[in-house]
Each structure stands twice: as C-alpha cells, then as structure tokens.
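Peer 1: Take a look at this one; I'll ask things after.
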Amino acid sequence: MAGESRNWVLMVTAQTPTNIAVIKYWGKRDENLILPINDSISVTLDPNHLCTTTTVAVSPSFKQDRMWLNRKEISLSGGRYQNCLREIRNRACDVEDKKKGIKILKEDWGKLHLHIASYNNFPTAAGLASSAAGFACLVFALAKLMNLKEDQSQLSAIARQGSGSACRSLYGGFVKWIMGKEENGSDSLAVQLTDEKQWDDLVIVIAVVSSRQKETSSTSGMRESVKTSLLLQHRAKEIVPKRILQMEEAIKNCDFTSFAQLTCADSNQFHAVCMDSCPPIFYMNDTSHRIINIAEKWNRSEETPQVAYTFDAGPNAVLIARNRQTAALLIQRLLYYFPPNSDDLNSYVIGDKSILQDAGL
Ligand code: ADP
Ligand code: DP6
Ligand code: CO
C-alpha cells in the first residue's frame, strides 16, 4: 500500500438501471444465499431513466465501512451487504493509480475501509425494483474499484446475494436468471437473452401510482408466500418452467402477442399468489386495477394486443407498448382516465420524451 501518506482517496462511480420482471421471481429455496424456486426473465430499463448512481471510495483514513442511501446513513450490518462486501473483497486484485502514486496490493483490501454513497432517482422500496438497481450498482462499482477479473455473469451471482432481482440488472436487454441446482449457488446467475438493440420497437411507460414505501418488503412477502401458499408451489413447479420457454421464444421472435399474454398472465398470477398467502398481501390498489382494466379492454378491442402490463411488489404499473405509436395512444388514454393533478396517478416515466410530442402533449 502507498503507506507513507494516509491522505489519499480512490473512488469509482457507477450507474445501473433497474429491471422489471416479465416472468416473476417470487420465493427462495435458500434465504441466506438468495436462491430462487424458479427461473425468471426481465427487461432492463433504459439507464437514463430509472437508475441508481453509486460512488464507492477507499482511503486509509476511513475508520470503518459506512454507507449512505439517498443521503441518509444506513447500517451495513445486514447479512446482504456483508455477503456482497465479503465476496468482493475475497476476489479483489492489486490496484495501481500511477498519477496519484497509489498502489493497493490484493492483501491490503482486507484492512482498508469503504465509504459508499448511493442515490436512486426514483422511489425506493415502492415496487419499482430499487433493490435490483441498488445492489447491481453496488457490486459493479466495488468490482471496478477492486479490479475484479470476474465476468458479468459471475458478478451477477454476487449481486444476487444482495437482492435476487439485482443479478438481472448487470445486463441490458432481456435477461434470464437461471435458478441453478448447486447448493452453494454457484450456478444461480443471470445470462443475457437479447441485447437492448434487438427488440427496440418496445416502449416502456411507468405509471407511478404511489411513491410511498410498501408495507411488506419483497423479502418478507415472498417468505410468507413460500410458507403458506399452495398456489406458489404449483406455479414454481408446473407453470413457470413452461412460461419461461414460451417467453424465450416470444422474445427471440419479437412476437408481441405472446409476449403480452405471458407478461400479463404472469403478473396476475404473482398477485394471485400474494392473495393466496396467509395473511394475504395486497401490493396493487384500486388505481392499479383500473389500469389493468384499461389495458385489457383496449387489447380486446383490437385484433392483437397493443400493450402489456406488469406490476412488481407495489401498486406502480409498468406498461410495455408494442411501438412508439401505441405508446403515444397509451399515454393519451391514461391521461383521459387519470387527468393531470388527479390524486390517483403521480407521474409517468417514459422511455423517450419525444413520444409526448407524438401524443400531442
Ligand atoms: P423494491 O421494490 O424497491 O426493490 P425491496 O423491498 O425489494 O423494494 O427493497 C428495498 C430495499 O433495497 C431498501 O430498503 C434497501 O435496503 C435496498 N436498497 C434500495 N436501494 C438501494 C441502493 N441504491 N443501494 C443499496 N441498497 C438499496
Ligand atoms: C416481484 O429481488 O426485491 O420484483 O431477493 O428478497 O431482495 P429479495 O427480493 P427482490 O424481489 C423481487 C420480486 C419481484 C419480481 C422480480 O423482480 O422478479
Ligand atoms: Co426489490
């Protein structure tokens, strides 16, 4: 280590988008390693929209590991943060910054402390996958700082130990989290199915119904479902394996009709599992249900579906439009049913602002 001076700080900043599952992960077979009971598939959002920005810094003057989330200090004592930090430190390599005259040897990383500052540009713990963007960004930034040699898939297996859905945010496009078979979780990792350029007609519109923190975190919600829902067992064993194959096929062929049917059905089944848990868990609210109705009626009035909807563990709608024209029509419809300043919808986040012009706004 450049032991002579204690004044240096080395830091890395990274930005990671969130991802939304179209075939949902809900239920763990191992709580500590975060191993799921089924495969899942997601789409990663545009990094310019919903994303986490994390800066990780190391300095010999830091006395302990510390972290700030959205400008407030949080405790790093939880198992998830500790597991990620341990896995990364174990793989750390030599780092040299000649300009600053800093050299950190592999073995020094165990003695150095970290300061981490992370910021989500969207609601945290509100069902828009902040844990996914957050832990993926943390692992990615630390891996850069400590010069890890692991590839994205291996890093995804570390991010998974922070939050399951995080393993899928290390890639763009459509991503599959393979549940794996190994007890130690070494084969439970993410792979990219197609990159972001492959099916670029799709437009994702997020309708923010509520930014409030949810009452039941994803972690405790799925724990209750695993303990009490028979529907979840059936879903994981019988339904999801077939849907995964169908969804992979739909994505490969850019087949929007199958994609929309599978996405909507899987979201609805996930929320049915929540209802089937004891006590039942309600993530969606009346506004979410109205949005489902609007999309269903519209899809049924056309020859083929125009929009897919999916809701994570929260009331906020993620709407995936077939193309730009459909996205513009979708926004017009939403504004008709939820006029500006209505209490039911807070805001929209859309992939490309020029769509608002197409929608005449
Ligand atoms: P969400 O639906 O937003 O993913 P979860 O209940 O799954 O909600 O997870 C929320 C938790 O994820 C937060 O309470 C926090 O512990 C963690 N988290 C959120 N954002 C970050 C971040 N940027 N960095 C690290 N951890 C984060
Ligand atoms: C409904 O990944 O947030 O968003 O692994 O306990 O951190 P933990 O849970 P998390 O659960 C996500 C659940 C979901 C579906 C999905 O993203 O696949
Ligand atoms: Co989450």
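By order of appearance in the structure tokens: chains A, B, ..., then residues from 1 within every chain, and ligands from 1 in the order shown.
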Any idea what's packed within 10 Å of A:Gly180, counting only C-alpha atoms, ignoring anything in its chain fewer than 5 positions away? Could you give it as a count of residues only?

Peer 2: 10

Peer 1: Within 8 Å of ligand 3, counting only C-alpha atoms and all ligand atoms: which residues, as a list in words?

Peer 2: Ala125, Gly127, Leu128, Ala129, Ser130, Ser131, Ala132, Ser163, Gly164, Ser165, Ala166, Ser217, Ser218, Thr219 and Ala313 of chain A

Peer 1: Output N, CA and C atoms for every residue in the selection just made, as a CSV table (one decimal), in the first residue's frame.

Peer 2:
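Output contents, as saved in again.csv:
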chain,number,residue,atom,x,y,z
A,125,ALA,N,-38.0,1.3,-2.5
A,125,ALA,CA,-38.9,0.3,-1.8
A,125,ALA,C,-40.4,0.6,-2.1
A,127,GLY,N,-41.8,-0.8,-5.1
A,127,GLY,CA,-42.2,-1.7,-6.1
A,127,GLY,C,-41.7,-1.4,-7.5
A,128,LEU,N,-40.6,-0.6,-7.5
A,128,LEU,CA,-40.0,-0.3,-8.8
A,128,LEU,C,-38.6,-0.8,-8.9
A,129,ALA,N,-38.4,-1.9,-8.1
A,129,ALA,CA,-37.1,-2.6,-8.1
A,129,ALA,C,-35.9,-1.8,-7.7
A,130,SER,N,-36.0,-1.0,-6.7
A,130,SER,CA,-34.8,-0.3,-6.2
A,130,SER,C,-33.7,-1.2,-5.7
A,131,SER,N,-34.1,-2.3,-5.1
A,131,SER,CA,-33.1,-3.3,-4.6
A,131,SER,C,-32.3,-3.9,-5.8
A,132,ALA,N,-33.0,-4.0,-6.9
A,132,ALA,CA,-32.3,-4.6,-8.1
A,132,ALA,C,-31.2,-3.6,-8.6
A,163,SER,N,-29.7,-8.8,-3.4
A,163,SER,CA,-31.1,-8.9,-3.7
A,163,SER,C,-31.3,-9.7,-4.9
A,164,GLY,N,-32.2,-10.7,-4.9
A,164,GLY,CA,-32.3,-11.7,-6.0
A,164,GLY,C,-32.4,-11.0,-7.4
A,165,SER,N,-33.3,-10.0,-7.4
A,165,SER,CA,-33.6,-9.4,-8.7
A,165,SER,C,-32.4,-8.6,-9.2
A,166,ALA,N,-31.4,-8.3,-8.3
A,166,ALA,CA,-30.3,-7.5,-8.7
A,166,ALA,C,-29.4,-8.2,-9.7
A,217,SER,N,-42.1,-5.7,2.6
A,217,SER,CA,-40.9,-5.8,1.6
A,217,SER,C,-41.0,-7.0,0.8
A,218,SER,N,-40.4,-7.0,-0.3
A,218,SER,CA,-40.4,-8.2,-1.2
A,218,SER,C,-39.9,-9.4,-0.4
A,219,THR,N,-38.8,-9.2,0.3
A,219,THR,CA,-38.2,-10.3,1.1
A,219,THR,C,-39.2,-11.0,2.0
A,313,ALA,N,-43.8,-5.9,-6.8
A,313,ALA,CA,-44.4,-5.9,-5.4
A,313,ALA,C,-44.7,-4.4,-5.0

Peer 1: Skip stretch 118-122 of chain A itself and residues of its chain fewer than 3 positions away, then list as a list in words all residues within 8 Å of it, counting only C-alpha atoms.

Peer 2: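 Skipping anything fewer than 3 positions along the chain leaves Leu50, Cys51, Thr52, Thr53, Thr54, Thr55, Met67, Trp68, Leu69, Asn70, Arg71, Leu128, Ser130 and Gly134 of chain A.
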
Peer 1: Save the residues we just selected, C-alpha atoms, as a PDB file, in the first residue's frame?

Peer 2:
ATOM      1  CA  LEU A  50     -34.873   4.746 -13.506  1.00  0.00           C
ATOM      2  CA  CYS A  51     -31.390   4.175 -12.176  1.00  0.00           C
ATOM      3  CA  THR A  52     -29.103   4.059  -9.197  1.00  0.00           C
ATOM      4  CA  THR A  53     -25.855   6.005  -9.014  1.00  0.00           C
ATOM      5  CA  THR A  54     -23.323   4.728  -6.515  1.00  0.00           C
ATOM      6  CA  THR A  55     -19.903   6.039  -5.563  1.00  0.00           C
ATOM      7  CA  MET A  67     -22.951   3.706   3.576  1.00  0.00           C
ATOM      8  CA  TRP A  68     -25.404   6.488   2.726  1.00  0.00           C
ATOM      9  CA  LEU A  69     -28.579   5.740   0.777  1.00  0.00           C
ATOM     10  CA  ASN A  70     -30.438   8.743  -0.670  1.00  0.00           C
ATOM     11  CA  ARG A  71     -28.254  10.988   1.558  1.00  0.00           C
ATOM     12  CA  LEU A 128     -40.003  -0.287  -8.847  1.00  0.00           C
ATOM     13  CA  SER A 130     -34.797  -0.275  -6.209  1.00  0.00           C
ATOM     14  CA  GLY A 134     -29.133  -0.711  -5.935  1.00  0.00           C
TER      15      GLY A 134
END

Peer 1: Stretch 282-296 of chain A: which residues within 9 Å, counting only C-alpha atoms, same-chain residues fewer than 4 positions away excluded, as JSON, numbers by chain?

Peer 2: {"A": [127, 209, 214, 215, 216, 264, 271, 274, 275, 300, 301, 305, 306, 307, 308, 309, 310, 311, 312, 313, 314, 315, 316, 317, 319, 330, 333, 334, 337, 344, 345]}

Peer 1: Assign secondary structure with DSSP using the backbone only, and return the residues of stretch 110-272 of chain A in strand (DSSP E or B) as a ChimeraX atom specification.

Peer 2: /A:113-120,174-178,189-194,203-208

Peer 1: Produce a file of the selected residues containing N, CA and C atoms, as a tab-separated table (two decimals), in the first residue's frame.

Peer 2:
chain	number	residue	atom	x	y	z
A	113	HIS	N	-10.98	0.36	4.69
A	113	HIS	CA	-12.44	0.53	4.82
A	113	HIS	C	-13.02	1.32	3.66
A	114	LEU	N	-14.33	1.15	3.48
A	114	LEU	CA	-15.01	1.75	2.33
A	114	LEU	C	-16.06	2.74	2.78
A	115	HIS	N	-16.25	3.79	1.99
A	115	HIS	CA	-17.41	4.66	2.15
A	115	HIS	C	-18.22	4.55	0.86
A	116	ILE	N	-19.52	4.37	1.01
A	116	ILE	CA	-20.38	4.13	-0.15
A	116	ILE	C	-21.54	5.14	-0.11
A	117	ALA	N	-21.76	5.83	-1.22
A	117	ALA	CA	-22.90	6.75	-1.28
A	117	ALA	C	-23.73	6.37	-2.49
A	118	SER	N	-25.01	6.10	-2.25
A	118	SER	CA	-25.87	5.65	-3.34
A	118	SER	C	-27.13	6.50	-3.42
A	119	TYR	N	-27.59	6.72	-4.63
A	119	TYR	CA	-28.77	7.55	-4.83
A	119	TYR	C	-29.67	6.91	-5.88
A	120	ASN	N	-30.93	6.73	-5.56
A	120	ASN	CA	-31.90	6.24	-6.54
A	120	ASN	C	-32.66	7.44	-7.08
A	174	PHE	N	-33.11	-8.17	-22.61
A	174	PHE	CA	-33.85	-9.19	-21.87
A	174	PHE	C	-32.86	-10.13	-21.19
A	175	VAL	N	-33.15	-10.43	-19.95
A	175	VAL	CA	-32.19	-11.18	-19.13
A	175	VAL	C	-32.91	-12.31	-18.39
A	176	LYS	N	-32.25	-13.46	-18.32
A	176	LYS	CA	-32.82	-14.59	-17.59
A	176	LYS	C	-31.96	-14.88	-16.36
A	177	TRP	N	-32.62	-15.06	-15.25
A	177	TRP	CA	-31.92	-15.53	-14.04
A	177	TRP	C	-32.18	-17.03	-13.96
A	178	ILE	N	-31.10	-17.79	-14.16
A	178	ILE	CA	-31.20	-19.25	-14.10
A	178	ILE	C	-31.16	-19.64	-12.63
A	189	LEU	N	-27.30	-17.71	-11.62
A	189	LEU	CA	-26.79	-16.44	-12.14
A	189	LEU	C	-27.58	-15.97	-13.36
A	190	ALA	N	-27.26	-14.75	-13.78
A	190	ALA	CA	-28.01	-14.15	-14.89
A	190	ALA	C	-27.27	-14.33	-16.21
A	191	VAL	N	-28.05	-14.51	-17.27
A	191	VAL	CA	-27.49	-14.52	-18.63
A	191	VAL	C	-28.34	-13.58	-19.49
A	192	GLN	N	-27.69	-12.97	-20.47
A	192	GLN	CA	-28.44	-12.08	-21.36
A	192	GLN	C	-29.11	-12.90	-22.45
A	193	LEU	N	-30.40	-12.67	-22.67
A	193	LEU	CA	-31.10	-13.39	-23.74
A	193	LEU	C	-30.94	-12.63	-25.06
A	194	THR	N	-31.24	-11.32	-25.03
A	194	THR	CA	-31.02	-10.48	-26.22
A	194	THR	C	-30.60	-9.10	-25.72
A	203	VAL	N	-41.73	0.13	-26.17
A	203	VAL	CA	-41.59	1.35	-25.37
A	203	VAL	C	-42.17	1.06	-23.98
A	204	ILE	N	-41.39	1.38	-22.97
A	204	ILE	CA	-41.85	1.12	-21.60
A	204	ILE	C	-42.33	2.42	-20.96
A	205	VAL	N	-43.54	2.38	-20.45
A	205	VAL	CA	-44.12	3.55	-19.78
A	205	VAL	C	-44.42	3.13	-18.34
A	206	ILE	N	-43.93	3.90	-17.40
A	206	ILE	CA	-44.20	3.56	-16.00
A	206	ILE	C	-45.20	4.58	-15.44
A	207	ALA	N	-46.27	4.09	-14.90
A	207	ALA	CA	-47.26	4.97	-14.29
A	207	ALA	C	-47.06	4.88	-12.78
A	208	VAL	N	-46.60	5.97	-12.20
A	208	VAL	CA	-46.31	5.96	-10.76
A	208	VAL	C	-47.61	6.24	-10.00

Peer 1: Find the residues near A:Cys254: any atom within 10 Å, counting only C-alpha atoms, skip ones fewer than 6 places away on the same chain, and give them as a short mmCIF file (atom, residue, chain, number, x, y, z; two decimals) with N, CA and C atoms, in the first residue's frame.

Peer 2:
data_model
loop_
_atom_site.label_atom_id
_atom_site.label_comp_id
_atom_site.auth_asym_id
_atom_site.auth_seq_id
_atom_site.Cartn_x
_atom_site.Cartn_y
_atom_site.Cartn_z
N GLN A 198 -31.98 -5.37 -29.87
CA GLN A 198 -32.67 -6.40 -30.64
C GLN A 198 -34.18 -6.19 -30.85
N TRP A 199 -34.86 -5.77 -29.80
CA TRP A 199 -36.31 -5.55 -29.96
C TRP A 199 -36.57 -4.11 -29.53
N ASP A 200 -36.11 -3.17 -30.38
CA ASP A 200 -36.12 -1.79 -29.91
C ASP A 200 -37.40 -1.03 -30.27
N ASP A 201 -38.42 -1.74 -30.82
CA ASP A 201 -39.73 -1.10 -31.03
C ASP A 201 -40.44 -0.87 -29.70
N LEU A 202 -40.17 -1.76 -28.77
CA LEU A 202 -40.91 -1.71 -27.50
C LEU A 202 -40.67 -0.39 -26.77
N GLU A 248 -39.07 -17.11 -23.79
CA GLU A 248 -37.81 -17.05 -24.55
C GLU A 248 -38.08 -17.06 -26.04
N ARG A 322 -46.34 -1.84 -27.73
CA ARG A 322 -45.84 -2.53 -28.93
C ARG A 322 -44.83 -1.68 -29.70
#

Peer 1: Show me, as a list in words, the residues that have an atom within 12 Å of A:Glu96 when counting only C-alpha atoms, minus same-chain residues fewer than 4 positions from it.

Peer 2: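 Listing them by chain and then by number gives Met1, Ala2, Leu10, Lys100, Gly101, Ile102, Lys103, Ile104, Leu105, Lys106, Leu145, Met146 and Asn147 of chain A.
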
Peer 1: Output C-alpha atoms for every residue in that selection, as a CSV table (one decimal), in the first residue's frame.

Peer 2:
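In the end it all went to again.csv:
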chain,number,residue,atom,x,y,z
A,1,MET,CA,0.0,0.0,0.0
A,2,ALA,CA,1.2,3.6,-0.5
A,10,LEU,CA,-9.6,6.4,-4.5
A,100,LYS,CA,-1.9,9.6,-7.7
A,101,GLY,CA,1.0,7.4,-6.7
A,102,ILE,CA,-1.3,4.9,-5.1
A,103,LYS,CA,-0.7,1.2,-5.0
A,104,ILE,CA,-3.0,-1.2,-3.2
A,105,LEU,CA,-2.0,-4.8,-3.0
A,106,LYS,CA,-4.5,-7.6,-3.1
A,145,LEU,CA,-12.7,-0.2,-7.6
A,146,MET,CA,-11.1,-3.5,-6.5
A,147,ASN,CA,-10.2,-4.5,-10.1

Peer 1: Tell me which of A:Ser267, A:Glu73, A:Leu138, A:Gln64 sits closest to ligand 1, counting only C-alpha atoms and all ligand atoms.

Peer 2: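 Result for the nearest residue to ligand 1: A:Leu138.
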
Peer 1: Taking the chain letters and numbering used in this document, name the residues of stretch 55-207 of chain A that DSSP puts in alpha helix (DSSP H), as a PyMOL selection string.

Peer 2: chain A and resi 79-91+130-145+152-159

Peer 1: Pick the closest to ligand 2 from A:Leu170, A:Cys278, A:Val58, A:Met222: which is it, counting only C-alpha atoms and all ligand atoms?

Peer 2: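 With only C-alpha atoms and all ligand atoms as the atom set, the closest residue is A:Met222.
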
Peer 1: Out of A:Ala136, A:Leu112, A:Ala321, A:Ala21, which residue has the shortest atom-to-atom distance to ligand 1 when counting only C-alpha atoms and all ligand atoms?

Peer 2: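 Residue with the minimum atom-to-atom distance to ligand 1: A:Ala136.
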
Peer 1: From the set A:Ser210, A:Leu148, A:Asp358, A:Val139, which residue has the shortest atom-to-atom contact distance to A:Ala92, counting only C-alpha atoms?

Peer 2: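 Among the listed residues, A:Leu148 lies closest to A:Ala92.
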
Peer 1: Looking at A:Asp266, A:Asp343, A:Glu183, A:Glu87, which one is nearest to ligand 2, with distances taken over only C-alpha atoms and all ligand atoms?

Peer 2: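 Smallest distance to ligand 2 is found for A:Asp266.
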
Peer 1: May I ask which of the residues A:Arg66, A:Arg89, A:Lys242, A:Arg168 is the closest one to ligand 2, counting only C-alpha atoms and all ligand atoms?

Peer 2: A:Arg168
